[in-house]
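Novice: Just one file: final14.cif, with mmCIF, C-alpha atoms.
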data_my_file
loop_
_atom_site.group_PDB
_atom_site.id
_atom_site.type_symbol
_atom_site.label_atom_id
_atom_site.label_comp_id
_atom_site.auth_asym_id
_atom_site.auth_seq_id
_atom_site.Cartn_x
_atom_site.Cartn_y
_atom_site.Cartn_z
ATOM 1 C CA MET A 1 52.542 2.397 73.862
ATOM 2 C CA PRO A 2 49.246 2.962 72.007
ATOM 3 C CA SER A 3 49.115 5.717 69.440
ATOM 4 C CA PRO A 4 46.896 8.611 70.530
ATOM 5 C CA THR A 5 44.527 10.456 68.268
ATOM 6 C CA PRO A 6 46.646 13.183 66.632
ATOM 7 C CA LEU A 7 45.895 16.679 67.871
ATOM 8 C CA SER A 8 45.731 19.704 65.602
ATOM 9 C CA THR A 9 48.942 21.546 64.855
ATOM 10 C CA PRO A 10 49.504 24.841 66.677
ATOM 11 C CA PRO A 11 48.111 27.771 64.653
ATOM 12 C CA ASN A 12 49.977 30.812 63.371
ATOM 13 C CA VAL A 13 46.903 33.040 63.464
ATOM 14 C CA ILE A 14 47.527 36.300 65.341
ATOM 15 C CA ALA A 15 44.613 38.314 66.720
ATOM 16 C CA VAL A 16 45.108 42.086 66.704
ATOM 17 C CA ILE A 17 42.862 44.127 69.007
ATOM 18 C CA ASP A 18 43.289 47.897 68.661
ATOM 19 C CA ASP A 19 40.771 50.712 68.247
ATOM 20 C CA ASP A 20 43.193 52.720 66.052
ATOM 21 C CA ASP A 21 42.176 51.872 62.480
ATOM 22 C CA ALA A 22 45.466 53.010 60.921
ATOM 23 C CA LEU A 23 47.642 51.082 63.371
ATOM 24 C CA ARG A 24 45.455 48.012 63.104
ATOM 25 C CA ASP A 25 45.742 48.023 59.294
ATOM 26 C CA SER A 26 49.498 48.544 59.569
ATOM 27 C CA LEU A 27 49.849 45.558 61.891
ATOM 28 C CA VAL A 28 47.784 43.381 59.576
ATOM 29 C CA TRP A 29 50.061 44.280 56.656
ATOM 30 C CA LEU A 30 53.205 43.672 58.753
ATOM 31 C CA LEU A 31 52.107 40.253 59.965
ATOM 32 C CA GLU A 32 51.039 39.183 56.485
ATOM 33 C CA SER A 33 54.413 40.293 55.106
ATOM 34 C CA VAL A 34 56.167 37.625 57.204
ATOM 35 C CA GLY A 35 53.730 34.829 56.391
ATOM 36 C CA LEU A 36 51.488 35.054 59.436
ATOM 37 C CA THR A 37 47.696 35.202 59.403
ATOM 38 C CA PRO A 38 46.304 38.241 61.241
ATOM 39 C CA ARG A 39 42.718 38.579 62.418
ATOM 40 C CA ALA A 40 41.869 42.164 63.327
ATOM 41 C CA PHE A 41 39.326 43.462 65.852
ATOM 42 C CA ALA A 42 38.474 47.052 66.732
ATOM 43 C CA SER A 43 37.445 46.225 70.302
ATOM 44 C CA GLY A 44 37.467 43.568 72.984
ATOM 45 C CA ASP A 45 33.732 43.086 72.528
ATOM 46 C CA ALA A 46 34.235 42.325 68.817
ATOM 47 C CA PHE A 47 36.968 39.860 69.697
ATOM 48 C CA PHE A 48 34.835 37.931 72.174
ATOM 49 C CA ALA A 49 31.905 37.919 69.763
ATOM 50 C CA ALA A 50 34.038 35.838 67.360
ATOM 51 C CA SER A 51 35.614 32.415 67.745
ATOM 52 C CA HIS A 52 39.183 32.519 69.006
ATOM 53 C CA ASP A 53 39.977 28.834 69.531
ATOM 54 C CA ASP A 54 42.439 28.684 66.629
ATOM 55 C CA LEU A 55 44.677 31.581 67.655
ATOM 56 C CA GLY A 56 48.402 31.291 68.225
ATOM 57 C CA ALA A 57 48.930 34.660 69.942
ATOM 58 C CA LEU A 58 47.237 37.970 70.661
ATOM 59 C CA LEU A 59 48.425 41.537 70.071
ATOM 60 C CA LEU A 60 46.400 43.646 72.477
ATOM 61 C CA ASP A 61 46.248 47.397 72.998
ATOM 62 C CA VAL A 62 46.203 48.326 76.677
ATOM 63 C CA ARG A 63 44.137 51.509 76.475
ATOM 64 C CA MET A 64 40.909 51.268 74.473
ATOM 65 C CA PRO A 65 37.393 52.711 74.863
ATOM 66 C CA GLY A 66 34.891 50.251 76.250
ATOM 67 C CA MET A 67 36.649 47.078 77.329
ATOM 68 C CA SER A 68 40.290 47.872 78.136
ATOM 69 C CA GLY A 69 43.187 45.609 77.281
ATOM 70 C CA LEU A 70 43.512 44.609 80.930
ATOM 71 C CA GLN A 71 39.831 43.648 81.012
ATOM 72 C CA VAL A 72 40.234 41.565 77.848
ATOM 73 C CA GLN A 73 43.215 39.820 79.405
ATOM 74 C CA GLN A 74 41.362 39.166 82.670
ATOM 75 C CA ARG A 75 38.419 37.655 80.819
ATOM 76 C CA LEU A 76 40.796 35.310 78.978
ATOM 77 C CA VAL A 77 42.443 34.394 82.286
ATOM 78 C CA ASP A 78 39.018 33.657 83.747
ATOM 79 C CA GLN A 79 38.320 31.416 80.744
ATOM 80 C CA GLN A 80 41.658 29.645 81.413
ATOM 81 C CA ALA A 81 42.806 30.472 77.894
ATOM 82 C CA ARG A 82 46.496 29.690 77.376
ATOM 83 C CA LEU A 83 46.980 32.307 74.679
ATOM 84 C CA PRO A 84 50.272 34.268 74.681
ATOM 85 C CA ILE A 85 49.298 37.931 75.005
ATOM 86 C CA ILE A 86 51.543 40.756 73.789
ATOM 87 C CA MET A 87 50.405 44.069 75.247
ATOM 88 C CA MET A 88 50.865 47.222 73.136
ATOM 89 C CA THR A 89 51.289 50.318 75.292
ATOM 90 C CA GLY A 90 51.370 54.012 74.645
ATOM 91 C CA HIS A 91 53.243 56.700 76.553
ATOM 92 C CA GLY A 92 52.509 56.472 80.258
ATOM 93 C CA ASP A 93 50.948 53.022 80.071
ATOM 94 C CA VAL A 94 53.968 51.082 81.339
ATOM 95 C CA PRO A 95 52.485 50.581 84.850
ATOM 96 C CA MET A 96 49.436 49.011 83.194
ATOM 97 C CA ALA A 97 51.702 46.797 81.106
ATOM 98 C CA VAL A 98 53.563 45.673 84.222
ATOM 99 C CA ALA A 99 50.221 44.765 85.795
ATOM 100 C CA ALA A 100 49.426 42.741 82.674
ATOM 101 C CA LEU A 101 52.737 40.881 82.939
ATOM 102 C CA LYS A 102 51.987 40.017 86.556
ATOM 103 C CA ASN A 103 48.675 38.610 85.354
ATOM 104 C CA GLY A 104 50.406 36.318 82.877
ATOM 105 C CA ALA A 105 50.943 38.397 79.733
ATOM 106 C CA PHE A 106 53.779 37.133 77.550
ATOM 107 C CA GLU A 107 55.399 40.501 76.802
ATOM 108 C CA PHE A 108 54.673 44.176 76.242
ATOM 109 C CA ILE A 109 55.953 46.582 73.621
ATOM 110 C CA GLU A 110 55.820 50.386 73.670
ATOM 111 C CA LYS A 111 54.425 52.468 70.818
ATOM 112 C CA PRO A 112 55.803 53.539 68.439
ATOM 113 C CA PHE A 113 57.657 50.258 68.059
ATOM 114 C CA ASN A 114 60.226 48.928 65.639
ATOM 115 C CA HIS A 115 58.670 46.502 63.173
ATOM 116 C CA GLN A 116 61.432 43.931 63.518
ATOM 117 C CA GLN A 117 61.223 44.109 67.310
ATOM 118 C CA LEU A 118 57.503 43.388 67.138
ATOM 119 C CA ILE A 119 57.965 40.470 64.734
ATOM 120 C CA ASP A 120 60.645 38.993 66.988
ATOM 121 C CA ILE A 121 58.296 39.137 69.990
ATOM 122 C CA VAL A 122 55.442 37.613 67.995
ATOM 123 C CA GLN A 123 57.685 34.764 66.818
ATOM 124 C CA ARG A 124 58.787 34.086 70.395
ATOM 125 C CA ALA A 125 55.160 34.052 71.498
ATOM 126 C CA LEU A 126 54.299 31.555 68.760
ATOM 127 C CA SER A 127 57.278 29.413 69.755
ATOM 128 C CA SER A 128 56.041 29.450 73.357
ATOM 129 C CA ALA A 129 52.551 28.480 72.192
ATOM 130 C CA GLU A 130 53.984 25.610 70.147
ATOM 131 C CA GLN A 131 55.947 24.297 73.136
ATOM 132 C CA GLN A 132 52.773 24.439 75.224
ATOM 133 C CA HIS A 133 50.913 22.605 72.447
ATOM 134 C CA GLN A 134 53.561 19.871 72.395
ATOM 135 C CA ARG A 135 53.362 19.506 76.186
ATOM 136 C CA GLN A 136 49.595 19.116 75.927
ATOM 137 C CA GLN A 137 50.044 16.449 73.262
ATOM 138 C CA SER A 138 52.536 14.567 75.441
ATOM 139 C CA ILE A 139 50.233 14.699 78.470
ATOM 140 C CA ALA A 140 47.250 13.570 76.366
ATOM 141 C CA GLN A 141 49.253 10.614 75.049
ATOM 142 C CA LEU A 142 50.501 9.746 78.533
ATOM 143 C CA LYS A 143 46.980 9.928 79.947
ATOM 144 C CA ALA A 144 45.708 7.630 77.195
ATOM 145 C CA CYS A 145 48.425 5.093 78.055
ATOM 146 C CA PHE A 146 47.675 5.277 81.781
ATOM 147 C CA GLU A 147 43.977 4.678 81.146
ATOM 148 C CA THR A 148 44.789 1.402 79.359
ATOM 149 C CA LEU A 149 46.285 0.010 82.583
ATOM 150 C CA ARG A 150 44.339 -2.309 84.846
ATOM 151 C CA PRO A 151 43.079 -0.719 88.086
ATOM 152 C CA LYS A 152 45.714 -2.525 90.183
ATOM 153 C CA GLU A 153 48.461 -1.436 87.786
ATOM 154 C CA GLN A 154 47.267 2.163 88.082
ATOM 155 C CA ARG A 155 47.332 1.916 91.886
ATOM 156 C CA ILE A 156 50.852 0.517 91.795
ATOM 157 C CA VAL A 157 52.041 3.381 89.569
ATOM 158 C CA VAL A 158 50.675 5.839 92.133
ATOM 159 C CA HIS A 159 52.226 3.984 95.084
ATOM 160 C CA VAL A 160 55.612 3.784 93.329
ATOM 161 C CA ALA A 161 55.456 7.534 92.718
ATOM 162 C CA GLU A 162 54.586 8.031 96.392
ATOM 163 C CA GLY A 163 57.895 6.355 97.268
ATOM 164 C CA MET A 164 56.579 3.036 98.538
ATOM 165 C CA THR A 165 58.710 -0.088 98.153
ATOM 166 C CA SER A 166 57.396 -3.231 96.486
ATOM 167 C CA ARG A 167 57.029 -4.876 99.902
ATOM 168 C CA GLU A 168 55.089 -1.877 101.257
ATOM 169 C CA ILE A 169 52.827 -1.855 98.203
ATOM 170 C CA ALA A 170 52.267 -5.604 98.551
ATOM 171 C CA ASP A 171 51.283 -5.261 102.204
ATOM 172 C CA HIS A 172 49.062 -2.284 101.435
ATOM 173 C CA MET A 173 47.244 -4.005 98.546
ATOM 174 C CA GLY A 174 47.168 -7.505 99.993
ATOM 175 C CA ILE A 175 49.121 -9.102 97.148
ATOM 176 C CA SER A 176 52.580 -10.628 96.852
ATOM 177 C CA ALA A 177 55.686 -8.568 96.220
ATOM 178 C CA LYS A 178 56.275 -10.667 93.092
ATOM 179 C CA THR A 179 52.857 -9.670 91.757
ATOM 180 C CA VAL A 180 53.672 -6.034 92.464
ATOM 181 C CA GLU A 181 56.865 -6.364 90.408
ATOM 182 C CA VAL A 182 54.983 -7.985 87.506
ATOM 183 C CA TYR A 183 52.302 -5.293 87.488
ATOM 184 C CA ARG A 184 54.888 -2.518 87.776
ATOM 185 C CA LEU A 185 56.851 -3.843 84.794
ATOM 186 C CA ARG A 186 53.642 -4.131 82.772
ATOM 187 C CA ALA A 187 52.780 -0.536 83.608
ATOM 188 C CA MET A 188 56.254 0.717 82.715
ATOM 189 C CA LYS A 189 56.090 -1.062 79.366
ATOM 190 C CA ALA A 190 52.627 0.299 78.572
ATOM 191 C CA MET A 191 53.636 3.846 79.470
ATOM 192 C CA GLY A 192 57.024 3.719 77.786
ATOM 193 C CA ALA A 193 58.936 4.330 81.029
ATOM 194 C CA ALA A 194 62.526 3.127 80.748
ATOM 195 C CA ASN A 195 63.008 3.017 84.520
ATOM 196 C CA VAL A 196 61.301 3.779 87.808
ATOM 197 C CA ALA A 197 62.489 7.388 87.781
ATOM 198 C CA ALA A 198 60.773 7.924 84.428
ATOM 199 C CA LEU A 199 57.596 6.322 85.781
ATOM 200 C CA VAL A 200 57.640 8.715 88.740
ATOM 201 C CA ARG A 201 58.085 11.723 86.437
ATOM 202 C CA GLN A 202 55.132 10.525 84.374
ATOM 203 C CA ALA A 203 52.968 10.195 87.490
ATOM 204 C CA VAL A 204 53.881 13.755 88.490
ATOM 205 C CA ALA A 205 53.108 15.021 84.968
ATOM 206 C CA LEU A 206 49.678 13.387 85.186
ATOM 207 C CA SER A 207 49.113 14.980 88.630
ATOM 208 C CA LEU A 208 48.675 11.532 90.168
ATOM 209 C CA VAL A 209 50.990 12.677 92.937
ATOM 210 C CA PRO A 210 52.186 16.183 93.847
ATOM 211 C CA ALA A 211 55.552 17.375 92.658
ATOM 212 C CA LEU A 212 58.220 17.645 95.319
ATOM 213 C CA PRO A 213 58.709 21.183 96.667
ATOM 214 C CA PRO A 214 62.057 22.885 95.930
ATOM 215 C CA ALA A 215 64.841 21.973 98.313
ATOM 216 C CA PRO A 216 65.536 24.582 101.036
ATOM 217 C CA GLY A 217 67.801 27.346 99.821
ATOM 218 C CA THR A 218 67.053 26.772 96.103
ATOM 219 C CA ARG A 219 65.326 29.213 93.812
ATOM 220 C CA ASP A 220 62.369 28.537 91.541
#
Translate the structure described by the file into C-alpha cells.
Specialist:
Amino acid sequence: MPSPTPLSTPPNVIAVIDDDDALRDSLVWLLESVGLTPRAFASGDAFFAASHDDLGALLLDVRMPGMSGLQVQQRLVDQQARLPIIMMTGHGDVPMAVAALKNGAFEFIEKPFNHQQLIDIVQRALSSAEQQHQRQQSIAQLKACFETLRPKEQRIVVHVAEGMTSREIADHMGISAKTVEVYRLRAMKAMGAANVAALVRQAVALSLVPALPPAPGTRD
C-alpha cells in the first residue's frame, strides 16, 4: 500500500464567540489553564472575518446582538464545516439549544456553568474532532490506493462490492474468470484488504457503492 502524504494533526485551538467581555475573558483564562489555545471573538461577524480552518472546536453563545449563535451555526453548516460546536445558553434559551442540537451541534451547556463540566465537554468535542480527522486520513489513504489501480481493477472492485461473482464479472466485462481473479487479488493487495469482506467495506467507505440499509426491525 503506498504511503499517502501526511495530513496535519488535529488542532487544539478553541474558538470562543460571546459578546460578554467578562465571560469571554474568563473562558480564555480557563481554556489556557488546561493547556488549550483559545481564540476569542466578540461576534459572529468577527469570527467569519478571520480564518477558522485550524480550529478544533467552537464555544458559541446562543443569544448575541447581530448574528445569533444559531445563525453562526447555520452558516457553518452551509459551508459544510465539520467543527464540533458547543452552544452556551442562558436562562430560557434551552429551546434554542435543542434546535441547535437538531442542526448538528455537539452539545450545549447552560450558564452559569461549572468550569470542570465545561472542560469535560470541550475535551469530548476535541476527541470527536480527532476521530473525524483520523477517519478523513484513512479515507484519503484509501482513495490514494484505489487511484493507483488499473481501470479494469477499479471496475472489478466495484463489481465485487455490488455482489457479483467472478463468473458474472467476467461475462459482464468480456474477460475470463481467471483474469477477474488475478485482477481482484492485485486490487486487494494494493488496497491492503485481507479478504473480500474488507474490500467491500473499503468500497462502501469510498462511496463506490451504497451502504446496505439497516435490516427490517433494527434501529440505527
Novice: What's the separation between atom CA of A:Leu60 and atom CA of A:Val34, in Å to one decimal place?
Specialist: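 Going from atom CA of A:Leu60 over to atom CA of A:Val34, I get 19.1 Å.
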Novice: To verify the selection step, state as a compact mmCIF listing (two decimals) with C-alpha atoms, in the coordinates of the input which residues the PyMOL selection byres ((chain A and resi 194-209) around 12) yields on this input.
Specialist:
# COMPACT_ATOMS: atom_id res chain seq x y z
CA ARG A 135 53.36 19.51 76.19
CA GLN A 136 49.60 19.12 75.93
CA SER A 138 52.54 14.57 75.44
CA ILE A 139 50.23 14.70 78.47
CA ALA A 140 47.25 13.57 76.37
CA GLN A 141 49.25 10.61 75.05
CA LEU A 142 50.50 9.75 78.53
CA LYS A 143 46.98 9.93 79.95
CA ALA A 144 45.71 7.63 77.19
CA CYS A 145 48.42 5.09 78.06
CA PHE A 146 47.68 5.28 81.78
CA GLU A 147 43.98 4.68 81.15
CA GLN A 154 47.27 2.16 88.08
CA ARG A 155 47.33 1.92 91.89
CA ILE A 156 50.85 0.52 91.80
CA VAL A 157 52.04 3.38 89.57
CA VAL A 158 50.68 5.84 92.13
CA HIS A 159 52.23 3.98 95.08
CA VAL A 160 55.61 3.78 93.33
CA ALA A 161 55.46 7.53 92.72
CA GLU A 162 54.59 8.03 96.39
CA GLY A 163 57.90 6.36 97.27
CA MET A 164 56.58 3.04 98.54
CA THR A 165 58.71 -0.09 98.15
CA SER A 166 57.40 -3.23 96.49
CA GLU A 181 56.86 -6.36 90.41
CA ARG A 184 54.89 -2.52 87.78
CA LEU A 185 56.85 -3.84 84.79
CA ARG A 186 53.64 -4.13 82.77
CA ALA A 187 52.78 -0.54 83.61
CA MET A 188 56.25 0.72 82.72
CA LYS A 189 56.09 -1.06 79.37
CA ALA A 190 52.63 0.30 78.57
CA MET A 191 53.64 3.85 79.47
CA GLY A 192 57.02 3.72 77.79
CA ALA A 193 58.94 4.33 81.03
CA PRO A 210 52.19 16.18 93.85
CA ALA A 211 55.55 17.38 92.66
CA LEU A 212 58.22 17.64 95.32
Novice: For atom CA of A:Phe113 and atom CA of A:Gly35, determine how far apart the two atoms are, in Å to one decimal place.
Specialist: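 Here the two named atoms are 19.7 Å from each other.
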Novice: So how far away is atom CA of A:Gly56 from atom CA of A:Arg82, in Å?
Specialist: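 Going from atom CA of A:Arg82 over to atom CA of A:Gly56, I get 9.5 Å.
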Novice: Name all residues at most 8 Å from A:Ala57 (count only C-alpha atoms; drop same-chain ones fewer than 4 positions away) and give them as a list in words.
Specialist: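 Non-adjacent residues within range: Asn12, Val13, Ile14, Ala15, Leu83, Pro84, Ile85, Ile86, Val122, Ala125, Leu126 and Ala129 of chain A.
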Novice: Of the candidates A:Asp25, A:Asp18, A:Asp78, A:Glu168, which shows the shortest atom-to-atom distance to A:Gly66, using only C-alpha atoms?
Specialist: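 So, comparing all the options, the nearest one is A:Asp18.
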Novice: Return as a ChimeraX atom specification the set of residues that the PyMOL selection byres ((chain A and resi 121) around 12) yields on the displayed structure.
Specialist: /A:31,57-59,84-88,106-109,113-120,122-128
Novice: For a quick check of your reading of the model, name the residues lying within 7 Å of the coordinate (45.7, 38.0, 81.9), counting all atoms listed in the file, and write them as a ChimeraX atom specification.
Specialist: /A:73-74,76-77,100,103-105
Novice: Can you check which parts of stretch 60-173 of chain A lie within 9 Å of stretch 37-46 of chain A? Per residue, the shortest pair of atoms and distance in Å to one decimal, counting only C-alpha atoms, sorted by chain and number, as JSON lines.
Specialist:
{"residue": "A:Leu60", "atom": "CA", "partner": "A:Gly44", "partner_atom": "CA", "distance": 8.9}
{"residue": "A:Met64", "atom": "CA", "partner": "A:Ser43", "partner_atom": "CA", "distance": 7.4}
{"residue": "A:Pro65", "atom": "CA", "partner": "A:Ser43", "partner_atom": "CA", "distance": 7.9}
{"residue": "A:Gly66", "atom": "CA", "partner": "A:Ser43", "partner_atom": "CA", "distance": 7.6}
{"residue": "A:Met67", "atom": "CA", "partner": "A:Gly44", "partner_atom": "CA", "distance": 5.6}
{"residue": "A:Ser68", "atom": "CA", "partner": "A:Gly44", "partner_atom": "CA", "distance": 7.3}
{"residue": "A:Gly69", "atom": "CA", "partner": "A:Gly44", "partner_atom": "CA", "distance": 7.4}
{"residue": "A:Gln71", "atom": "CA", "partner": "A:Gly44", "partner_atom": "CA", "distance": 8.4}
{"residue": "A:Val72", "atom": "CA", "partner": "A:Gly44", "partner_atom": "CA", "distance": 5.9}
Novice: Calculated over all atoms listed in the file, which of the candidates A:His52, A:His172, A:Arg167, A:Arg63 has the smallest distance to A:His91?
Specialist: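 Under the stated criterion, the closest residue is A:Arg63.
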